[in-house]
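See structure below.
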There are 2 protein chains.
Amino acid sequence: MRGLDRPSQSGEQGAMNRKRVSAHQPVLLATVAAKAGVSIATVSRIVNGETGRASAETIERVQKIVGALGYRPNHVGRALRRRESRIVAMLSPNLDNPAMAAIAASVETALRSAGYVMILCDTHDRAELQDEYLHAMRSQAVQGYVLVNAVQSEALSASVARGDPIVFVGRRNPAGAGSFVGIDNRRAGADAADHLWAQGIRDLAVIHPTQGSSASRDRVDGFVRRLKELGLPCEAIRQASALGLSHLEVGYAAAQRLIDGKSWPGGLLCPSDMMAYGAYRLALEKGIRIPETCRIVGIDDNALNAWIAPWLISVRIPYADFGAKVVGQLQALWAGEQPSEQLLPHELIVR
Amino acid sequence: MRGLDRPSQSGEQGAMNRKRVSAHQPVLLATVAAKAGVSIATVSRIVNGETGRASAETIERVQKIVGALGYRPNHVGRALRRRESRIVAMLSPNLDNPAMAAIAASVETALRSAGYVMILCDTHDRAELQDEYLHAMRSQAVQGYVLVNAVQSEALSASVARGDPIVFVGRRNPAGAGSFVGIDNRRAGADAADHLWAQGIRDLAVIHPTQGSSASRDRVDGFVRRLKELGLPCEAIRQASALGLSHLEVGYAAAQRLIDGKSWPGGLLCPSDMMAYGAYRLALEKGIRIPETCRIVGIDDNALNAWIAPWLISVRIPYADFGAKVVGQLQALWAGEQPSEQLLPHELIVR
């Protein structure tokens, strides 16, 4: 657990360092890196005691140069020059959604292993809150950003344009491009279609949020397209959407619209487990047996499903593995590499 | 949403301010407060644009003094003098426990309204991680700490001894004293007892973690004591405990030990909903109908219960109200007041 215990630069030594910084051009990581012939990330790690990946020769060489140039790390002082704090900010909506909590937990663990602390901010899916937090994080001099299910917003566009290190998770950058960690949403929807089709179910339906994200849309799209390939035309698939403060409410309301006095479908895709829970509540209220009467398929496979929702078929998303990928993406950006996409494998789970 | 949008001190103005700070004694909030005859907290709010609680006369007076003395707020620069950042750190275990996520969401919202950003750190219930984060937070110059379900640890004792502003949530300070927000755990257990007793159930049981927190112990204690008052001696109550990585596993394993080939009790208290979910999974596997054969009572009343676990009777803890209380406690500590306890009301919910 290296890298987290740093004495603050207080007292006489701190004052001397601050004088040095203001009197001369500050010695940057980049200066040391150039002289040592290594990356900034390598110097940063060595300076912070995370020497694991560097050779003993490199470590010694870098440390000598640090001493010769008089480079002094100071977490808070460094923050004045941005990109050198030990904080990474995660902006995520709806932490009470188990999937969001799982992503946060995974990224927090991975960042901690890499020597960073994570600020977690709940954007509640609102552009103005996303902006508020992006502004606030700039003034706290964070090292990078992890945007989970980002929405289009002014400050985000500005941040991207500035080249800030940002990793998008779940939903891609609404304005396009950027580092991304997620799954193949279309394929997830298609896998749900394959499963229901293989069960011999032809009376199929799908619900979704009226104001859905690109992830929801892609999942529904993959489902419908796959069924078309299998021989079921789009018009034969019942669909309904609804608005709601959470996917729980969306699922319930959309299922109400879908059923509306008619029979329940043999199979129903809900683009998230939370929507599936909403549809399930309606089924319970109506005395409909799940899965006997209707097989509900969700996406996420929240950890609680195995304990209290064995009726739910779901596409497992390996959230526990997201953290390492996100941190890898951040390190690549810090090292000056181009953004890239990383899709993790998903898997349909039947209990 | 005042207080979060702060331009960073960059460019020429920022450089001038930094020179001023290093060349002279920095002008502190305390200096302005003394001259204006108000509290530091009041100056801080006015300087940050949160003028709601101050009179127009006070605001004008303070602003004049700020100008005359040349006081300049700079979030990161201020952090060098601690206690003046806009960050509050929350240390919480197990963010994938819906109750923990609910507390985090509630506190985050309340802190945002008060103009702060929250760093959220998952301690995984481990003393060494709690210590790591407390050390890391000191070097980030946070304004205060919110410790959810704190465990005994060296850095915590040191922090308390230093008089750092800390609010304990859920579990009190393991070392005693300190500001606290939670519920009356004994009463919650007693209410569960009253409910089952009123249903005519006399074949009662309780499970709990072998290494339980004070909250779990108090809930079990309240349950057992109330039953004794009602006429059921302690020996007549079946009990079992188990270890586990999470309360899900603890609930499952403890229920296994409890049942062990015997019949299921008519009523079973689980000191958390997560333990109840664990017991429920065992019941499902054994073909036991809940609540018909066994009424399971949990504590938390997680939001998902209404959607996918209507079989669970649970004691609702008003986590959505914790945030405002926690922030109120922090503000009291910042204003120099003594720590205090705030117990919120709980309510048994039957669906």
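By convention in this document, the chains of the structure tokens carry letters A, B, ... by their order, each chain's residues are numbered from 1, and ligands are numbered from 1 in the order they are shown.
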
After least-squares alignment of chain B to chain A over all Cα atoms in order, what RMSD do you get?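 Between these identical-sequence chains, the C-alpha RMSD is 0.5 Å.
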
Neighbour list for range 289-295 of chain B as a list in words, cut-off 8 Å, only C-alpha atoms, skip fewer than 6 positions in-chain: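 Answer for this query is Trp264, Pro265, Gly266, Gly267, Leu268, Tyr280, Ala283, Trp311, Leu312 and Ile313 of chain B.
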
Asn173 in chain A surroundings by only C-alpha atoms, 10 Å radius, close-in-sequence under 6 positions cut, as a list in words: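 The residues satisfying every condition are Leu147, Val148, Asn149, Ala150, Val151, Gln152, Leu156, Ser157, Val160, Ile166, Val167, Ser179 and Phe180 of chain A.
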
What would the file look like if the residues just selected were written as a compact mmCIF listing (two decimals), in the first residue's frame with C-alpha atoms?
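Listed below is the output, result.txt:
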# COMPACT_ATOMS: atom_id res chain seq x y z
CA LEU A 147 -16.60 10.08 -15.91
CA VAL A 148 -19.15 7.34 -15.41
CA ASN A 149 -22.19 7.69 -17.65
CA ALA A 150 -21.23 11.20 -18.69
CA VAL A 151 -23.80 13.62 -20.03
CA GLN A 152 -23.20 16.40 -22.50
CA LEU A 156 -16.99 18.66 -20.05
CA SER A 157 -16.54 19.97 -23.58
CA VAL A 160 -11.94 17.63 -23.32
CA ILE A 166 -10.38 11.82 -18.80
CA VAL A 167 -11.54 8.22 -18.91
CA SER A 179 -10.62 6.95 -23.54
CA PHE A 180 -13.40 4.50 -22.82

Taking 6 positions as the minimum chain separation for residues in the same chain, which residues sit within 10 Å of range 108-113 of chain A when counting only C-alpha atoms? Answer as a PyMOL selection string. (chain A and resi 1-4+86-88+90+102+119-120+320-328+330) or (chain B and resi 120-124+129+132-133)

Shortest contact to chain B, candidates A:Tyr319, A:Phe223, A:Trp307, A:Tyr252, atoms counted only C-alpha atoms, goes to A:Trp307
